[in-house]
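A.B. asks: Have a look at this one.
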Amino acid sequence: MPAPFRYSLILLGFVLSALGLSTCRDDSAGEPSTAPAAPPPGVVGGVDTLTGLIAEGDYLLVKGNCLACHSAKLITQNRADRQGWLDMIHWMQETQGLQDLGPHEGPIVDYLATYYAPEETGRRPPLGDVEWYILEQPTD
Ligand code: HEC
């Protein structure tokens, strides 16, 4: 292979990879896949002030993928396990035009099922310090 041709191939390689890199960066704008170590701006008391989402784990993925059509309240007011969240996501995909979340689906469902899990304890705390007694049946 003549040298100039080889060099232009190498150059073409560089140009292509630079293009590839920049489109990648565009795709992920606003959707970092991992949570930063330090609390990002806009987080107070572990809550994202703009959305009310619990600012833990992959909440930025939820922020980036879930708020185009409705407020975050719809999310923060809901509780479900993994399957429940998956069902809601699939329902939105089938009927509401929610995009395929691709590799983000897993982390998003993990986040939702972790921080917006069903409340198993209910609202009333368990009774403590109760003196139980046997209820006598009336005999007549
Ligand atoms: C393409 C638009 C769109 C996107 C993006 C979207 N949703 Fe929705 N979602 C809807 C619509 C429309 C409704 C129904 C709203 C209503 O009932 O008022 C809905 C309802 C919901 C509900 C309430 C479901 C119920 O049973 O009450 C939850 C929870 C929810 N979305 C979570 C999410 C999550 C999590 C994401 C990100 C993965 C997301 N949404 C992204 C359109 C969208």
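Labels used: A, B, ... for chains in the order of the structure tokens, numbers from 1 for residues in each chain, and numbers from 1 for ligands as shown.
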Any residue with an atom at most 7 Å from ligand 1 counts, using only C-alpha atoms and all ligand atoms. Which are they? Put them as a PyMOL selection string.
C.D. replies: chain A and resi 62+65-70+74-75+78+88-89+92+96-99+108
A.B. asks: Please identify the alpha helix (DSSP H) residues within range 49-83 of chain A (assignment by DSSP from backbone atoms) and present them as a list in words.
C.D. replies: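 Of range 49-83 of chain A, only Tyr59, Leu60, Leu61, Val62, Lys63, Gly64, Asn65, Lys73, Leu74, Ile75, Thr76, Arg82 and Gln83 of chain A fall in alpha helix (DSSP H).
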A.B. asks: Can you measure CA of Arg82 in chain A to CA of Pro41 in chain A for me? One decimal in Å is fine.
C.D. replies: 28.9 Å
A.B. asks: Can you pull out the residues contacting Val47 in chain A? Cut-off 10 Å, using only C-alpha atoms, and skip same-chain residues under 6 positions away; I want them as a list in words.
C.D. replies: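 Contacts, in chain order: Pro39, Leu53, Ile54, Ala55, Glu56 and Tyr59 of chain A.
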A.B. asks: Kindly give the distance, in Å, that separates CA of Trp91 in chain A and CA of Val109 in chain A, rounded to a single decimal.
C.D. replies: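 Rounded to one decimal, the two atoms are 14.0 Å apart.
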A.B. asks: Excluding Gly84 in chain A and its own-chain neighbours fewer than 4 positions away, which residues fall within 10 Å of it when counting only C-alpha atoms? Please give them as number ranges by chain.
C.D. replies: A: 79-80, 88-90, 109, 112-113, 117-118
A.B. asks: Just checking: using only C-alpha atoms, which residue out of A:Leu61, A:Leu50, A:Val44, A:Leu101 ends up closest to Leu86 in chain A?
C.D. replies: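 Smallest distance to Leu86 in chain A is found for A:Leu101.
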A.B. asks: Find the distance between CA of Gly102 in chain A and CA of Asp48 in chain A and write it in Å to one decimal.
C.D. replies: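 Straight-line distance from CA of Gly102 in chain A to CA of Asp48 in chain A works out to 24.3 Å.
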